[in-house]
$ cat my_file16.csv   # CSV, C-alpha atoms and all ligand atoms
chain,number,residue,atom,x,y,z
A,1,MET,CA,-56.3,-22.3,106.0
A,2,VAL,CA,-56.4,-20.1,103.0
A,3,ASP,CA,-60.2,-19.8,103.4
A,4,ASN,CA,-59.9,-18.7,107.0
A,5,GLU,CA,-57.6,-15.9,106.0
A,6,ALA,CA,-59.8,-14.7,103.1
A,7,HIS,CA,-63.1,-14.4,104.8
A,8,ARG,CA,-63.0,-12.0,107.6
A,9,SER,CA,-66.5,-10.6,107.7
A,10,HIS,CA,-67.4,-12.9,110.6
A,11,ARG,CA,-64.9,-11.4,113.0
A,12,VAL,CA,-65.1,-7.7,112.3
A,13,GLY,CA,-68.5,-7.3,114.1
A,14,TRP,CA,-67.2,-6.1,117.4
A,15,LEU,CA,-64.4,-4.1,115.9
A,16,ARG,CA,-66.8,-2.4,113.6
A,17,ALA,CA,-69.1,-1.5,116.6
A,18,ALA,CA,-66.1,-0.1,118.5
A,19,VAL,CA,-64.8,1.9,115.6
A,20,LEU,CA,-68.3,3.3,114.9
A,21,GLY,CA,-68.6,4.4,118.5
A,22,ALA,CA,-65.2,6.1,118.5
A,23,ASN,CA,-66.0,7.8,115.2
A,24,ASP,CA,-69.2,9.2,116.6
A,25,GLY,CA,-67.3,10.5,119.6
A,26,ILE,CA,-64.7,12.2,117.6
A,27,VAL,CA,-67.0,13.8,115.0
A,28,SER,CA,-69.7,15.0,117.5
A,29,THR,CA,-67.2,16.3,120.1
A,30,ALA,CA,-64.9,17.9,117.6
A,31,SER,CA,-67.8,19.6,115.8
A,32,LEU,CA,-69.3,20.8,119.1
A,33,VAL,CA,-66.0,22.2,120.3
A,34,ILE,CA,-65.4,23.9,116.9
A,35,GLY,CA,-68.9,25.3,116.8
A,36,VAL,CA,-68.7,26.8,120.3
A,37,ALA,CA,-65.1,28.1,119.6
A,38,ALA,CA,-66.2,29.7,116.3
A,39,ALA,CA,-68.7,31.7,118.3
A,40,HIS,CA,-65.8,33.4,120.1
A,41,THR,CA,-66.7,31.7,123.4
A,42,GLY,CA,-64.2,31.7,126.3
A,43,HIS,CA,-61.9,28.8,126.8
A,44,GLU,CA,-63.6,27.5,129.9
A,45,ALA,CA,-67.0,27.5,128.2
A,46,ILE,CA,-65.6,25.6,125.3
A,47,LEU,CA,-64.2,22.9,127.6
A,48,VAL,CA,-67.5,22.7,129.5
A,49,ALA,CA,-69.4,22.3,126.3
A,50,GLY,CA,-67.0,19.6,125.1
A,51,VAL,CA,-67.2,17.6,128.4
A,52,ALA,CA,-71.0,17.9,128.5
A,53,GLY,CA,-71.1,16.7,124.9
A,54,LEU,CA,-68.9,13.7,125.8
A,55,VAL,CA,-71.2,12.7,128.7
A,56,ALA,CA,-74.4,13.3,126.8
A,57,GLY,CA,-73.2,11.4,123.8
A,58,ALA,CA,-71.9,8.4,125.9
A,59,MET,CA,-75.2,8.2,127.8
A,60,SER,CA,-77.3,8.4,124.6
A,61,MET,CA,-75.2,5.8,122.9
A,62,ALA,CA,-75.6,3.5,125.9
A,63,ALA,CA,-79.4,4.1,126.1
A,64,GLY,CA,-79.9,3.6,122.4
A,65,GLU,CA,-77.9,0.4,122.3
A,66,TYR,CA,-79.6,-1.0,125.4
A,67,VAL,CA,-83.0,-0.4,124.0
A,68,SER,CA,-82.3,-1.7,120.6
A,69,VAL,CA,-80.5,-4.9,121.8
A,70,SER,CA,-83.2,-5.6,124.4
A,71,ALA,CA,-85.9,-5.2,121.8
A,72,GLN,CA,-84.1,-7.5,119.4
A,73,ALA,CA,-83.7,-10.1,122.3
A,74,ASP,CA,-87.4,-9.9,123.2
A,75,THR,CA,-88.4,-10.4,119.6
A,76,GLU,CA,-86.1,-13.4,119.2
A,77,ALA,CA,-87.3,-14.9,122.5
A,78,ALA,CA,-90.9,-14.6,121.4
A,79,ASP,CA,-90.1,-16.1,118.0
A,80,LEU,CA,-88.3,-19.1,119.6
A,81,GLU,CA,-91.2,-19.6,122.1
A,82,LEU,CA,-93.7,-19.7,119.2
A,83,GLU,CA,-91.4,-22.2,117.3
A,84,ARG,CA,-91.1,-24.4,120.4
A,85,ARG,CA,-94.9,-24.5,120.6
A,86,HIS,CA,-95.2,-25.4,117.0
A,87,LEU,CA,-92.7,-28.2,117.3
A,88,ALA,CA,-94.6,-29.6,120.3
A,89,GLU,CA,-98.0,-29.4,118.5
A,90,ASP,CA,-97.2,-30.6,115.0
A,91,LEU,CA,-93.8,-32.1,114.5
A,92,ALA,CA,-94.7,-33.6,111.1
A,93,PHE,CA,-95.7,-30.2,109.7
A,94,GLU,CA,-92.5,-28.6,111.1
A,95,HIS,CA,-90.5,-31.4,109.4
A,96,ARG,CA,-92.1,-30.7,106.0
A,97,GLU,CA,-91.6,-27.0,106.5
A,98,LEU,CA,-87.9,-27.3,107.1
A,99,ALA,CA,-87.5,-29.8,104.2
A,100,ARG,CA,-89.3,-27.3,102.0
A,101,ILE,CA,-86.8,-24.6,103.0
A,102,TYR,CA,-83.9,-26.8,102.0
A,103,GLU,CA,-85.6,-27.6,98.7
A,104,ASP,CA,-86.0,-23.9,98.0
A,105,ARG,CA,-82.3,-23.5,98.5
A,106,GLY,CA,-81.5,-26.1,95.9
A,107,LEU,CA,-81.5,-29.6,97.5
A,108,ASP,CA,-83.6,-32.2,95.8
A,109,ALA,CA,-86.7,-33.4,97.7
A,110,GLU,CA,-85.3,-36.6,99.0
A,111,LEU,CA,-82.1,-35.1,100.3
A,112,ALA,CA,-84.0,-32.1,101.8
A,113,ARG,CA,-86.2,-34.6,103.7
A,114,GLN,CA,-83.1,-36.4,105.0
A,115,VAL,CA,-81.3,-33.2,106.0
A,116,ALA,CA,-84.4,-31.9,107.8
A,117,GLU,CA,-84.8,-35.3,109.6
A,118,GLN,CA,-81.2,-35.5,110.8
A,119,LEU,CA,-80.9,-31.9,111.8
A,120,MET,CA,-84.2,-32.1,113.7
A,121,ALA,CA,-83.1,-35.3,115.4
A,122,HIS,CA,-80.0,-33.5,116.6
A,123,ASP,CA,-81.7,-30.3,117.8
A,124,ALA,CA,-85.1,-29.4,116.3
A,125,LEU,CA,-85.4,-26.0,117.8
A,126,ASP,CA,-81.9,-25.0,116.8
A,127,ALA,CA,-82.5,-26.2,113.2
A,128,HIS,CA,-85.7,-24.1,112.9
A,129,ALA,CA,-84.1,-21.1,114.6
A,130,ARG,CA,-81.2,-21.1,112.2
A,131,ASP,CA,-82.8,-21.9,108.9
A,132,GLU,CA,-86.4,-20.7,109.3
A,133,LEU,CA,-86.0,-17.7,111.6
A,134,GLY,CA,-82.4,-16.7,110.8
A,135,ILE,CA,-81.4,-16.7,114.5
A,136,VAL,CA,-77.8,-18.1,114.4
A,137,ASP,CA,-76.4,-17.6,117.8
A,138,ARG,CA,-79.1,-17.8,120.4
A,139,ALA,CA,-77.0,-16.6,123.3
A,140,ARG,CA,-75.7,-13.5,121.7
A,141,ALA,CA,-77.9,-10.5,122.7
A,142,ARG,CA,-76.4,-8.9,125.8
A,143,PRO,CA,-78.0,-5.5,126.2
A,144,ILE,CA,-75.9,-4.3,129.2
A,145,GLN,CA,-72.6,-5.4,127.6
A,146,ALA,CA,-73.6,-3.7,124.3
A,147,ALA,CA,-74.6,-0.5,126.2
A,148,LEU,CA,-71.3,-0.4,128.1
A,149,SER,CA,-69.1,-1.1,125.2
A,150,SER,CA,-70.6,1.5,122.9
A,151,ALA,CA,-70.6,4.1,125.7
A,152,ALA,CA,-66.9,3.3,126.3
A,153,SER,CA,-65.9,3.5,122.7
A,154,PHE,CA,-67.7,6.8,122.3
A,155,THR,CA,-66.0,8.2,125.3
A,156,VAL,CA,-62.5,7.2,124.0
A,157,GLY,CA,-63.3,8.9,120.7
A,158,ALA,CA,-64.8,12.0,122.3
A,159,ALA,CA,-61.7,12.4,124.6
A,160,LEU,CA,-59.4,12.8,121.6
A,161,PRO,CA,-60.6,16.2,120.4
A,162,LEU,CA,-60.9,17.4,124.0
A,163,LEU,CA,-57.2,17.0,124.6
A,164,PRO,CA,-56.1,19.8,122.3
A,165,VAL,CA,-58.7,22.0,124.0
A,166,LEU,CA,-56.7,21.7,127.2
A,167,PHE,CA,-53.4,22.6,125.6
A,168,ALA,CA,-54.0,24.7,122.4
A,169,PRO,CA,-54.1,28.5,122.9
A,170,GLY,CA,-57.0,30.5,121.7
A,171,ARG,CA,-56.6,31.2,118.0
A,172,TRP,CA,-54.9,27.8,117.3
A,173,LEU,CA,-57.7,25.9,118.9
A,174,ILE,CA,-60.0,25.4,115.9
A,175,PRO,CA,-57.3,24.3,113.4
A,176,THR,CA,-55.7,22.0,116.0
A,177,VAL,CA,-58.9,20.3,117.0
A,178,ALA,CA,-60.0,20.0,113.3
A,179,GLY,CA,-56.6,18.7,112.1
A,180,LEU,CA,-56.1,16.2,114.9
A,181,SER,CA,-59.6,14.9,114.7
A,182,LEU,CA,-59.4,14.3,110.9
A,183,LEU,CA,-56.1,12.5,111.5
A,184,PHE,CA,-57.7,10.3,114.2
A,185,LEU,CA,-60.7,9.6,111.9
A,186,ALA,CA,-58.4,8.6,109.0
A,187,ALA,CA,-56.4,6.3,111.2
A,188,LEU,CA,-59.5,4.6,112.7
A,189,GLY,CA,-61.0,4.2,109.2
A,190,ALA,CA,-57.8,2.7,108.0
A,191,VAL,CA,-57.5,0.3,111.0
A,192,ALA,CA,-61.1,-0.9,110.5
A,193,ALA,CA,-60.7,-1.4,106.8
A,194,ARG,CA,-57.5,-3.3,107.2
A,195,ALA,CA,-59.0,-5.6,109.8
A,196,GLY,CA,-62.0,-6.2,107.5
A,197,GLY,CA,-59.8,-6.7,104.4
A,198,ALA,CA,-61.3,-3.7,102.7
A,199,PRO,CA,-59.5,-1.0,100.7
A,200,VAL,CA,-57.7,1.2,103.2
A,201,GLY,CA,-57.5,4.5,101.3
A,202,ARG,CA,-61.1,4.6,100.3
A,203,ALA,CA,-62.3,3.9,103.9
A,204,ALA,CA,-60.0,6.6,105.4
A,205,LEU,CA,-61.2,9.1,102.8
A,206,ARG,CA,-64.8,8.4,103.3
A,207,VAL,CA,-64.7,8.9,107.1
A,208,THR,CA,-62.6,12.1,106.9
A,209,PHE,CA,-64.9,13.5,104.3
A,210,TRP,CA,-68.0,13.2,106.6
A,211,GLY,CA,-66.0,14.4,109.6
A,212,ALA,CA,-64.8,17.5,107.7
A,213,LEU,CA,-68.4,18.2,106.6
A,214,ALA,CA,-69.7,18.0,110.2
A,215,MET,CA,-67.0,20.3,111.5
A,216,GLY,CA,-67.5,22.8,108.7
A,217,ALA,CA,-71.2,22.9,109.3
A,218,THR,CA,-70.9,23.6,113.1
A,219,ALA,CA,-68.1,26.1,112.5
A,220,LEU,CA,-70.5,28.0,110.2
A,221,VAL,CA,-73.3,27.9,112.7
A,222,GLY,CA,-71.0,29.1,115.4
A,223,ALA,CA,-69.7,31.9,113.3
A,224,LEU,CA,-73.2,33.0,112.3
A,225,PHE,CA,-74.8,33.0,115.7
A,226,GLY,CA,-71.7,33.8,117.8
A,227,ILE,CA,-71.0,36.8,120.0
A,228,SER,CA,-69.3,39.3,117.7
A,229,ALA,CA,-66.0,39.9,119.3
A,301,ZN,ZN,-90.7,-24.1,112.1

$ encode --input "my_file16.csv" --output "structure tokens"
Amino acid sequence: MVDNEAHRSHRVGWLRAAVLGANDGIVSTASLVIGVAAAHTGHEAILVAGVAGLVAGAMSMAAGEYVSVSAQADTEAADLELERRHLAEDLAFEHRELARIYEDRGLDAELARQVAEQLMAHDALDAHARDELGIVDRARARPIQAALSSAASFTVGAALPLLPVLFAPGRWLIPTVAGLSLLFLAALGAVAARAGGAPVGRAALRVTFWGALAMGATALVGALFGISA
């Protein structure tokens, strides 16, 4: 019971991915909006740039995630196929190979042999996938699901800095977008840290620092290349 509470790294995976996507959405959209606004662009053009940035970012997140998860799934499938063949061709060799792995991890030779034997009797491919190839959950790679969820979390994040663009009047636009975005970033960082059992303050500070840096950089670019009003 105590142990379950203490170790949380196994269940922050999906949350981490969602928070990262939302972070990306906030930082890139807020920076884009601030850069365009710093160039003294009209309100409508700022909004168009922000919405285009949201769509472009969400699509690029989806494509990137799909490609990377698919590539990983292909590699794992090929590895498993090879392992399946080896098992069919030379079971005795595979048995010694697995026993050797357990010996290297600290079991004595006789125990390693027994563990390898029992695990292989139970599910030989699974035992080799786990302990030789490091593939723990063979049904996990879902490219479409990964693509959709990262696009969705990016979109939610990107929508946050766009809201003040709709309501804030001209000269308050940059400070409002920047302030709210940093607030959202800090809150997200704190939530993720809390769920993962990590120090909350440090996580919030880290994420707002990088957000502020990105917004400062695009504000500078916008001011340098902007239409002089
Ligand atoms: Zn093997």

$ residues_near_ligand --input "my_file16.csv" --ligand "ligand ZN 301 (chain A)" --cutoff "7 Å" --atoms "only C-alpha atoms and all ligand atoms" --output "list in words"
Glu83, His86, Leu87, Glu94, Glu97, Leu98, His128 and Glu132 of chain A

$ residues_near_point --input "my_file16.csv" --point "(-68.9, 1.1, 122.7)" --cutoff "9 Å" --atoms "only C-alpha atoms" --output "PyMOL selection string"
chain A and resi 17-22+58+61-62+145-156

$ atom_distance --input "my_file16.csv" --atom1 "atom CA of Asp24 of chain A" --atom2 "atom CA of Leu54 of chain A"
10.2 Å

$ closest_atom_pairs --input "my_file16.csv" --of "segment 34-96 of chain A" --to "segment 164-187 of chain A" --cutoff "8 Å" --atoms "only C-alpha atoms" --output "CSV"
residue,atom,partner,partner_atom,distance
A:Ile34,CA,A:Ile174,CA,5.7
A:Ala37,CA,A:Ile174,CA,6.9
A:Ala38,CA,A:Ile174,CA,7.6
A:His43,CA,A:Gly170,CA,7.3
A:Ile46,CA,A:Val165,CA,7.9
A:Leu47,CA,A:Val165,CA,6.6

$ residues_around --input "my_file16.csv" --residues "Ala73 of chain A" --least-positions-apart "5" --cutoff "9 Å" --atoms "all atoms listed in the file" --output "MDAnalysis selection string"
chainID A and resid 68 78 140:143

$ residues_around --input "my_file16.csv" --residues "Leu133 of chain A" --least-positions-apart "2" --cutoff "9 Å" --atoms "all atoms listed in the file" --output "compact mmCIF listing (two decimals) with C-alpha atoms, keeping the file's coordinate frame"
# COMPACT_ATOMS: atom_id res chain seq x y z
CA GLU A 76 -86.10 -13.40 119.20
CA ASP A 79 -90.10 -16.10 118.00
CA LEU A 80 -88.30 -19.10 119.60
CA HIS A 128 -85.70 -24.10 112.90
CA ALA A 129 -84.10 -21.10 114.60
CA ARG A 130 -81.20 -21.10 112.20
CA ASP A 131 -82.80 -21.90 108.90
CA ILE A 135 -81.40 -16.70 114.50
CA VAL A 136 -77.80 -18.10 114.40

$ atom_distance --input "my_file16.csv" --atom1 "atom CA of Ala49 of chain A" --atom2 "atom CA of Met215 of chain A"
15.1 Å

$ atom_distance --input "my_file16.csv" --atom1 "atom CA of Glu81 of chain A" --atom2 "atom CA of Ala109 of chain A"
28.4 Å

$ closest_residue --input "my_file16.csv" --among "A:Ala203, A:Leu162, A:Ala193, A:Trp14" --to "Leu32 of chain A" --atoms "all atoms listed in the file"
A:Leu162

$ closest_residue --input "my_file16.csv" --among "A:Gly222, A:Arg85, A:Ser60, A:Ala124" --to "His40 of chain A" --atoms "only C-alpha atoms"
A:Gly222

$ closest_residue --input "my_file16.csv" --among "A:Ile101, A:Ala39, A:Leu15, A:Ile26" --to "Ala223 of chain A" --atoms "all atoms listed in the file"
A:Ala39
